[in-house]
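File shown: run.txt. Contents: compact mmCIF, C-alpha atoms.
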```txt
# COMPACT_ATOMS: atom_id res chain seq x y z
CA ILE A 1 177.81 77.09 173.50
CA LEU A 2 176.28 73.73 172.63
CA ASN A 3 173.07 72.93 174.52
CA VAL A 4 172.24 69.54 176.03
CA GLU A 5 168.72 69.39 177.48
CA GLN A 6 167.39 66.80 179.89
CA SER A 7 163.80 66.26 180.94
CA PRO A 8 162.19 66.03 183.32
CA GLN A 9 164.33 67.91 185.83
CA SER A 10 163.14 65.60 188.61
CA LEU A 11 161.01 62.53 188.95
CA HIS A 12 159.46 60.66 191.88
CA VAL A 13 158.34 57.07 191.33
CA GLN A 14 157.18 54.21 193.51
CA GLU A 15 159.33 51.15 194.01
CA GLY A 16 158.60 48.70 191.22
CA ASP A 17 157.53 51.34 188.69
CA SER A 18 159.29 51.59 185.38
CA THR A 19 160.36 55.02 184.22
CA ASN A 20 162.19 56.84 181.48
CA PHE A 21 163.70 60.23 180.79
CA THR A 22 165.07 62.13 177.84
CA CYS A 23 168.28 63.75 176.69
CA SER A 24 168.18 66.09 173.68
CA PHE A 25 171.30 67.12 171.81
CA PRO A 26 172.26 68.72 168.49
CA SER A 27 171.65 66.23 165.68
CA SER A 28 174.36 67.63 163.41
CA ASN A 29 177.97 66.36 163.63
CA PHE A 30 177.07 63.60 166.05
CA TYR A 31 179.96 61.61 167.50
CA ALA A 32 178.83 60.09 170.79
CA LEU A 33 176.37 60.44 173.66
CA HIS A 34 177.27 59.61 177.25
CA TRP A 35 175.04 58.68 180.20
CA TYR A 36 176.28 58.95 183.78
CA ARG A 37 174.71 58.01 187.10
CA TRP A 38 175.43 60.30 190.04
CA GLU A 39 174.43 59.22 193.52
CA THR A 40 174.26 61.81 196.29
CA ALA A 41 177.62 62.35 198.03
CA LYS A 42 179.40 60.25 195.41
CA SER A 43 181.00 60.97 192.06
CA PRO A 44 179.44 60.55 188.60
CA GLU A 45 179.89 57.07 187.17
CA ALA A 46 179.69 56.22 183.48
CA LEU A 47 176.72 54.05 182.48
CA PHE A 48 176.84 54.05 178.69
CA VAL A 49 178.67 55.62 175.77
CA MET A 50 176.53 55.40 172.66
CA THR A 51 177.84 56.03 169.18
CA LEU A 52 175.51 54.50 166.58
CA ASN A 53 172.05 55.61 165.49
CA GLY A 54 169.55 53.05 166.73
CA ASP A 55 172.03 51.82 169.33
CA GLU A 56 170.57 50.22 172.44
CA LYS A 57 172.65 49.55 175.54
CA LYS A 58 171.66 47.65 178.67
CA LYS A 59 173.09 47.24 182.16
CA GLY A 60 170.89 45.25 184.49
CA ARG A 61 167.52 47.01 184.72
CA ILE A 62 168.80 50.15 183.02
CA SER A 63 168.79 50.57 179.26
CA ALA A 64 169.26 53.41 176.80
CA THR A 65 168.34 54.08 173.20
CA LEU A 66 169.74 56.58 170.73
CA ASN A 67 168.28 58.50 167.79
CA THR A 68 171.03 60.61 166.24
CA LYS A 69 168.90 61.86 163.33
CA GLU A 70 166.40 63.58 165.60
CA GLY A 71 168.88 64.28 168.41
CA TYR A 72 167.56 62.42 171.44
CA SER A 73 168.34 59.53 173.74
CA TYR A 74 166.06 57.81 176.24
CA LEU A 75 167.16 56.19 179.48
CA TYR A 76 164.82 53.50 180.84
CA ILE A 77 164.76 51.95 184.28
CA LYS A 78 162.64 48.83 184.65
CA GLY A 79 161.19 48.01 188.08
CA SER A 80 162.78 50.94 189.92
CA GLN A 81 164.41 50.23 193.28
CA PRO A 82 165.37 52.68 196.04
CA GLU A 83 169.03 52.17 195.14
CA ASP A 84 168.27 53.64 191.69
CA SER A 85 167.73 57.03 193.33
CA ALA A 86 170.34 59.30 191.77
CA THR A 87 170.83 62.07 189.25
CA TYR A 88 171.23 60.80 185.70
CA LEU A 89 173.39 62.97 183.46
CA CYS A 90 173.83 62.89 179.75
CA ALA A 91 176.80 64.49 177.99
CA PHE A 92 177.71 65.31 174.41
CA PRO A 93 181.13 66.09 172.91
CA GLY A 94 181.13 69.70 171.77
CA ASN A 95 183.92 72.21 171.24
CA THR A 96 185.27 71.16 174.62
CA PRO A 97 185.54 67.48 175.48
CA LEU A 98 182.06 66.99 176.98
CA VAL A 99 179.09 69.26 177.60
CA PHE A 100 176.83 67.93 180.35
CA GLY A 101 173.11 68.36 180.71
CA LYS A 102 171.76 69.47 184.09
CA GLY A 103 170.50 66.00 184.84
CA THR A 104 167.29 64.25 185.85
CA ARG A 105 167.03 63.65 189.59
CA LEU A 106 165.22 60.36 190.25
CA SER A 107 163.76 59.53 193.66
CA VAL A 108 162.39 56.02 194.16
CA ILE A 109 160.02 55.78 197.09
CA ALA A 110 159.85 52.43 198.89
CA ASN B 1 192.07 50.44 192.63
CA ALA B 2 192.45 54.14 193.46
CA GLY B 3 191.28 55.55 190.10
CA VAL B 4 191.00 59.34 190.46
CA THR B 5 191.93 60.83 193.83
CA GLN B 6 191.26 64.41 194.85
CA THR B 7 192.78 66.22 197.81
CA PRO B 8 191.63 67.85 199.95
CA LYS B 9 188.00 66.72 200.32
CA PHE B 10 186.89 69.87 202.16
CA ARG B 11 188.37 73.32 202.59
CA VAL B 12 187.24 76.68 203.91
CA LEU B 13 189.07 79.77 202.71
CA LYS B 14 188.82 83.46 203.33
CA THR B 15 188.34 85.84 200.43
CA GLY B 16 191.68 86.65 198.84
CA GLN B 17 193.48 83.52 200.02
CA SER B 18 195.05 81.14 197.55
CA MET B 19 195.02 77.38 197.38
CA THR B 20 195.71 74.44 195.11
CA LEU B 21 193.52 71.41 194.56
CA LEU B 22 195.31 68.23 193.59
CA CYS B 23 194.00 65.52 191.30
CA ALA B 24 195.88 62.28 190.79
CA GLN B 25 194.99 59.36 188.52
CA ASP B 26 196.62 55.96 188.29
CA MET B 27 195.03 54.76 185.03
CA ASN B 28 197.66 56.25 182.66
CA HIS B 29 194.97 58.47 181.13
CA GLU B 30 196.03 61.19 178.71
CA TYR B 31 193.15 63.59 179.31
CA MET B 32 192.27 65.23 182.62
CA TYR B 33 189.54 67.72 183.48
CA TRP B 34 188.42 70.06 186.24
CA TYR B 35 184.70 70.77 186.67
CA ARG B 36 182.69 72.77 189.12
CA GLN B 37 179.21 71.81 190.20
CA ASP B 38 176.75 74.41 191.42
CA PRO B 39 173.05 74.01 192.24
CA GLY B 40 170.92 74.26 189.12
CA MET B 41 173.97 74.60 186.87
CA GLY B 42 175.12 71.04 186.37
CA LEU B 43 178.78 70.22 185.74
CA ARG B 44 180.74 72.99 184.04
CA LEU B 45 184.22 72.52 182.64
CA ILE B 46 186.85 74.87 184.06
CA HIS B 47 190.06 73.68 182.37
CA TYR B 48 191.31 70.49 180.84
CA SER B 49 194.54 68.91 179.68
CA VAL B 50 195.18 66.73 176.65
CA GLY B 51 198.50 65.44 177.94
CA GLU B 52 201.50 66.16 180.13
CA GLY B 53 202.57 69.79 179.84
CA THR B 54 199.36 70.96 178.14
CA THR B 55 196.31 72.84 179.38
CA ALA B 56 193.24 74.36 177.74
CA LYS B 57 190.34 76.56 178.83
CA GLY B 58 186.88 75.19 179.33
CA GLU B 59 183.55 76.95 179.75
CA VAL B 60 184.31 78.84 183.01
CA PRO B 61 188.10 79.35 183.29
CA ASP B 62 188.24 82.84 184.84
CA GLY B 63 189.83 83.02 188.28
CA TYR B 64 191.51 79.61 187.97
CA ASN B 65 194.87 78.35 186.77
CA VAL B 66 195.98 74.79 186.12
CA SER B 67 199.15 72.84 185.58
CA ARG B 68 199.95 69.34 184.34
CA LEU B 69 203.64 68.82 185.04
CA LYS B 70 203.26 65.07 185.38
CA LYS B 71 200.90 62.86 183.41
CA GLN B 72 199.21 61.50 186.52
CA ASN B 73 198.60 64.86 188.23
CA PHE B 74 196.42 67.84 187.37
CA LEU B 75 196.47 70.83 189.71
CA LEU B 76 193.78 73.50 189.99
CA GLY B 77 194.82 76.79 191.56
CA LEU B 78 192.84 79.69 192.94
CA GLU B 79 195.18 82.69 193.20
CA SER B 80 192.77 85.00 195.03
CA ALA B 81 189.66 83.17 196.16
CA ALA B 82 186.27 84.86 195.80
CA PRO B 83 182.90 83.90 197.33
CA SER B 84 181.65 83.13 193.77
CA GLN B 85 184.13 80.25 193.70
CA THR B 86 182.31 78.45 196.51
CA SER B 87 181.43 75.18 194.83
CA VAL B 88 182.08 71.46 194.64
CA TYR B 89 185.01 70.73 192.36
CA PHE B 90 185.35 67.46 190.47
CA CYS B 91 188.35 66.13 188.66
CA ALA B 92 187.99 63.55 185.92
CA SER B 93 190.21 61.68 183.50
CA SER B 94 189.77 59.73 180.28
CA TYR B 95 191.98 57.49 178.18
CA SER B 96 191.77 59.91 175.27
CA GLY B 97 189.81 62.95 174.20
CA ILE B 98 187.87 61.06 171.57
CA GLY B 99 184.20 61.50 172.37
CA ASN B 100 183.54 57.79 172.81
CA GLN B 101 185.79 57.43 175.86
CA PRO B 102 184.01 57.64 179.24
CA GLN B 103 185.30 59.97 181.91
CA HIS B 104 186.27 58.70 185.38
CA PHE B 105 185.57 61.06 188.25
CA GLY B 106 187.11 61.71 191.64
CA ASP B 107 184.99 62.09 194.76
CA GLY B 108 185.01 65.88 194.70
CA THR B 109 186.36 68.73 196.80
CA ARG B 110 183.87 70.92 198.64
CA LEU B 111 185.28 74.44 198.81
CA SER B 112 183.73 77.31 200.75
CA ILE B 113 184.98 80.88 200.42
CA LEU B 114 183.97 83.21 203.22
```

Could you write out this file's structure as structure tokens?
Amino acid sequence: ILNVEQSPQSLHVQEGDSTNFTCSFPSSNFYALHWYRWETAKSPEALFVMTLNGDEKKKGRISATLNTKEGYSYLYIKGSQPEDSATYLCAFPGNTPLVFGKGTRLSVIA
Amino acid sequence: NAGVTQTPKFRVLKTGQSMTLLCAQDMNHEYMYWYRQDPGMGLRLIHYSVGEGTTAKGEVPDGYNVSRLKKQNFLLGLESAAPSQTSVYFCASSYSGIGNQPQHFGDGTRLSIL
């Protein structure tokens, strides 16, 4: 089964700090890489779908980059706010529609 | 905008009982999915459907059955519930199965098997 790795598993930052975390995926047969944001007691919500090497996507203070040749994507949050506290999932199309990583749980302390 | 709706939201069953979880989407999506979410395991795909009348196995299909009789509905059945099936179940849908289409999730069903 295809492996999608996310690091770190959890992260605690102070309000106003900028932070980033990593998603690693197989570099062969790349098609797309998804990022989802999952707040506690809610459902996962799509942030970005990235398809091109070197792609950079941005939504407000959150941005993501993609390196398909080496098989990784970074998610950046600039000036973290308490409302950014969530689990951030990445997902990669494998033999089944999407294989999800276990996520990075971000806690932003006010 | 309803999006993806799951019913029920909570349920407690006894071992051996059966039940059906309902997922409904109003976005005319072709693909629908059932996941389970367990601590430390992330989201794991149980079954999925590529269109009305079709179903396919995911990563952890054992103990579950599914049906997609109508395009907007995807049912997940537990014929004989086991404590190992205690989990939070999420339904999702996407416009197509092409990897560049995001999935839209329901709010989840928390199921406890005693």

Subject >> Distance filter 9 Å, only C-alpha atoms, chain A against chain B, as an NGL selection string >> reply: :A and (1 or 31-34 or 41-51 or 89 or 92-94 or 96-103)

Contacts of A:Ala86 within 9 Å, only C-alpha atoms, excl. fewer than 3 positions in-chain, as a short mmCIF file (atom, residue, chain, number, x, y, z; two decimals) with C-alpha atoms, in the coordinates of the input:
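Output file selection_34.cif follows:
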```cif
data_model
loop_
_atom_site.label_atom_id
_atom_site.label_comp_id
_atom_site.auth_asym_id
_atom_site.auth_seq_id
_atom_site.Cartn_x
_atom_site.Cartn_y
_atom_site.Cartn_z
CA ARG A 37 174.71 58.01 187.10
CA TRP A 38 175.43 60.30 190.04
CA GLU A 39 174.43 59.22 193.52
CA THR A 40 174.26 61.81 196.29
CA GLU A 83 169.03 52.17 195.14
CA THR A 104 167.29 64.25 185.85
CA ARG A 105 167.03 63.65 189.59
CA LEU A 106 165.22 60.36 190.25
CA SER A 107 163.76 59.53 193.66
CA VAL A 108 162.39 56.02 194.16
#
```

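Take the candidates A:Ser80, A:Tyr36, A:Leu11, A:Ser27 and check each one against A:Leu66 using all atoms listed in the file; the shortest distance goes to A:Ser27.
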
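Among the candidates A:Tyr74, A:Trp35, A:Ala110, A:Asp55, the residue lying nearest to A:Pro8 is A:Tyr74 (atoms considered: only C-alpha atoms).
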
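Nearest residue to A:Gln6, choosing from A:Ser18, A:Asn53, A:Asn29, A:Thr87 and counting all atoms listed in the file: A:Thr87.
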
**OP:** Kindly indicate which residue among B:Ser18, B:Thr5, B:Thr109, B:Ser93 lies nearest to B:Glu30, using only C-alpha atoms for the distances.
**Re:** B:Ser93

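Compared by their closest atoms to B:Leu114, and using only C-alpha atoms, the residues B:Val12, B:Met27, B:Val4, B:Leu22 rank with B:Val12 nearest.
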
**OP:** Would you list the residues near (190.8, 79.5, 188.0) (no more than 12 Å away, in the coordinates of the file, using all atoms listed in the file) as a count of residues only?
**Re:** 34

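Across the structure, atom CA of B:Val88 and atom CA of B:Arg11 are spaced 10.3 Å apart.
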
**OP:** Would you please work out which residue, of A:Ile109, A:Cys23, A:Val4, A:Leu52, is nearest to A:Gln81 when using all atoms listed in the file?
**Re:** A:Ile109

Subject >> Atomic separation - atom CA of A:Asn20 relative to atom CA of A:Tyr76, Å >> reply: 4.3 Å

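Coordinates place atom CA of B:Ser94 at a distance of 8.9 Å from atom CA of B:Asn28.
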
Complete the atom set of stretch 71-82 of chain A to all heavy atoms and return it as a PDB file, keeping the file's coordinate frame.
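What ended up in out.pdb:
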```
ATOM      1  N   GLY A  71     168.140  63.677 167.299  1.00  0.00           N
ATOM      2  CA  GLY A  71     168.880  64.280 168.410  1.00  0.00           C
ATOM      3  C   GLY A  71     168.299  64.000 169.784  1.00  0.00           C
ATOM      4  O   GLY A  71     168.118  64.931 170.581  1.00  0.00           O
ATOM      5  N   TYR A  72     167.998  62.716 170.073  1.00  0.00           N
ATOM      6  CA  TYR A  72     167.560  62.420 171.440  1.00  0.00           C
ATOM      7  C   TYR A  72     167.980  61.011 171.831  1.00  0.00           C
ATOM      8  O   TYR A  72     168.239  60.138 170.993  1.00  0.00           O
ATOM      9  CB  TYR A  72     166.041  62.584 171.606  1.00  0.00           C
ATOM     10  CG  TYR A  72     165.193  61.633 170.805  1.00  0.00           C
ATOM     11  CD1 TYR A  72     164.913  60.360 171.285  1.00  0.00           C
ATOM     12  CD2 TYR A  72     164.660  62.017 169.583  1.00  0.00           C
ATOM     13  CE1 TYR A  72     164.134  59.481 170.558  1.00  0.00           C
ATOM     14  CE2 TYR A  72     163.874  61.142 168.841  1.00  0.00           C
ATOM     15  CZ  TYR A  72     163.622  59.880 169.331  1.00  0.00           C
ATOM     16  OH  TYR A  72     162.843  59.019 168.608  1.00  0.00           O
ATOM     17  N   SER A  73     168.059  60.834 173.154  1.00  0.00           N
ATOM     18  CA  SER A  73     168.340  59.530 173.740  1.00  0.00           C
ATOM     19  C   SER A  73     167.392  59.358 174.927  1.00  0.00           C
ATOM     20  O   SER A  73     167.109  60.319 175.651  1.00  0.00           O
ATOM     21  CB  SER A  73     169.792  59.446 174.210  1.00  0.00           C
ATOM     22  OG  SER A  73     170.048  58.229 174.871  1.00  0.00           O
ATOM     23  N   TYR A  74     166.898  58.135 175.090  1.00  0.00           N
ATOM     24  CA  TYR A  74     166.060  57.810 176.240  1.00  0.00           C
ATOM     25  C   TYR A  74     166.814  56.877 177.176  1.00  0.00           C
ATOM     26  O   TYR A  74     167.511  55.958 176.727  1.00  0.00           O
ATOM     27  CB  TYR A  74     164.778  57.091 175.806  1.00  0.00           C
ATOM     28  CG  TYR A  74     163.800  57.919 175.019  1.00  0.00           C
ATOM     29  CD1 TYR A  74     163.131  57.371 173.928  1.00  0.00           C
ATOM     30  CD2 TYR A  74     163.508  59.229 175.373  1.00  0.00           C
ATOM     31  CE1 TYR A  74     162.213  58.102 173.197  1.00  0.00           C
ATOM     32  CE2 TYR A  74     162.599  59.970 174.651  1.00  0.00           C
ATOM     33  CZ  TYR A  74     161.957  59.404 173.564  1.00  0.00           C
ATOM     34  OH  TYR A  74     161.059  60.137 172.843  1.00  0.00           O
ATOM     35  N   LEU A  75     166.664  57.114 178.466  1.00  0.00           N
ATOM     36  CA  LEU A  75     167.160  56.190 179.480  1.00  0.00           C
ATOM     37  C   LEU A  75     165.957  55.563 180.169  1.00  0.00           C
ATOM     38  O   LEU A  75     165.055  56.279 180.609  1.00  0.00           O
ATOM     39  CB  LEU A  75     168.046  56.904 180.498  1.00  0.00           C
ATOM     40  CG  LEU A  75     168.805  55.988 181.445  1.00  0.00           C
ATOM     41  CD1 LEU A  75     170.024  55.406 180.745  1.00  0.00           C
ATOM     42  CD2 LEU A  75     169.237  56.716 182.708  1.00  0.00           C
ATOM     43  N   TYR A  76     165.929  54.233 180.229  1.00  0.00           N
ATOM     44  CA  TYR A  76     164.820  53.500 180.840  1.00  0.00           C
ATOM     45  C   TYR A  76     165.303  52.766 182.080  1.00  0.00           C
ATOM     46  O   TYR A  76     166.391  52.196 182.076  1.00  0.00           O
ATOM     47  CB  TYR A  76     164.257  52.455 179.869  1.00  0.00           C
ATOM     48  CG  TYR A  76     163.724  52.975 178.574  1.00  0.00           C
ATOM     49  CD1 TYR A  76     164.553  53.101 177.472  1.00  0.00           C
ATOM     50  CD2 TYR A  76     162.379  53.310 178.436  1.00  0.00           C
ATOM     51  CE1 TYR A  76     164.066  53.566 176.262  1.00  0.00           C
ATOM     52  CE2 TYR A  76     161.885  53.775 177.224  1.00  0.00           C
ATOM     53  CZ  TYR A  76     162.733  53.907 176.147  1.00  0.00           C
ATOM     54  OH  TYR A  76     162.243  54.369 174.955  1.00  0.00           O
ATOM     55  N   ILE A  77     164.487  52.777 183.107  1.00  0.00           N
ATOM     56  CA  ILE A  77     164.760  51.950 184.280  1.00  0.00           C
ATOM     57  C   ILE A  77     163.529  51.077 184.508  1.00  0.00           C
ATOM     58  O   ILE A  77     162.423  51.586 184.708  1.00  0.00           O
ATOM     59  CB  ILE A  77     165.080  52.776 185.529  1.00  0.00           C
ATOM     60  CG1 ILE A  77     166.282  53.682 185.252  1.00  0.00           C
ATOM     61  CG2 ILE A  77     165.373  51.863 186.716  1.00  0.00           C
ATOM     62  CD1 ILE A  77     166.667  54.584 186.416  1.00  0.00           C
ATOM     63  N   LYS A  78     163.738  49.782 184.495  1.00  0.00           N
ATOM     64  CA  LYS A  78     162.640  48.830 184.650  1.00  0.00           C
ATOM     65  C   LYS A  78     162.555  48.400 186.112  1.00  0.00           C
ATOM     66  O   LYS A  78     163.566  48.018 186.716  1.00  0.00           O
ATOM     67  CB  LYS A  78     162.894  47.601 183.768  1.00  0.00           C
ATOM     68  CG  LYS A  78     161.791  46.583 183.775  1.00  0.00           C
ATOM     69  CD  LYS A  78     162.122  45.449 182.804  1.00  0.00           C
ATOM     70  CE  LYS A  78     161.029  44.393 182.826  1.00  0.00           C
ATOM     71  NZ  LYS A  78     161.350  43.267 181.908  1.00  0.00           N
ATOM     72  N   GLY A  79     161.350  48.449 186.695  1.00  0.00           N
ATOM     73  CA  GLY A  79     161.190  48.010 188.080  1.00  0.00           C
ATOM     74  C   GLY A  79     162.077  48.765 189.049  1.00  0.00           C
ATOM     75  O   GLY A  79     162.916  48.187 189.735  1.00  0.00           O
ATOM     76  N   SER A  80     161.889  50.076 189.121  1.00  0.00           N
ATOM     77  CA  SER A  80     162.780  50.940 189.920  1.00  0.00           C
ATOM     78  C   SER A  80     162.896  50.461 191.360  1.00  0.00           C
ATOM     79  O   SER A  80     161.915  50.037 191.980  1.00  0.00           O
ATOM     80  CB  SER A  80     162.248  52.380 189.899  1.00  0.00           C
ATOM     81  OG  SER A  80     162.142  52.875 188.587  1.00  0.00           O
ATOM     82  N   GLN A  81     164.106  50.569 191.891  1.00  0.00           N
ATOM     83  CA  GLN A  81     164.410  50.230 193.280  1.00  0.00           C
ATOM     84  C   GLN A  81     164.957  51.455 193.988  1.00  0.00           C
ATOM     85  O   GLN A  81     165.500  52.358 193.337  1.00  0.00           O
ATOM     86  CB  GLN A  81     165.427  49.094 193.329  1.00  0.00           C
ATOM     87  CG  GLN A  81     164.975  47.809 192.668  1.00  0.00           C
ATOM     88  CD  GLN A  81     163.752  47.219 193.359  1.00  0.00           C
ATOM     89  OE1 GLN A  81     163.755  47.041 194.572  1.00  0.00           O
ATOM     90  NE2 GLN A  81     162.701  46.947 192.594  1.00  0.00           N
ATOM     91  N   PRO A  82     164.852  51.513 195.315  1.00  0.00           N
ATOM     92  CA  PRO A  82     165.370  52.680 196.040  1.00  0.00           C
ATOM     93  C   PRO A  82     166.832  52.985 195.719  1.00  0.00           C
ATOM     94  O   PRO A  82     167.228  54.155 195.681  1.00  0.00           O
ATOM     95  CB  PRO A  82     165.181  52.296 197.515  1.00  0.00           C
ATOM     96  CG  PRO A  82     163.982  51.408 197.501  1.00  0.00           C
ATOM     97  CD  PRO A  82     164.106  50.612 196.207  1.00  0.00           C
TER      98      PRO A  82
END
```
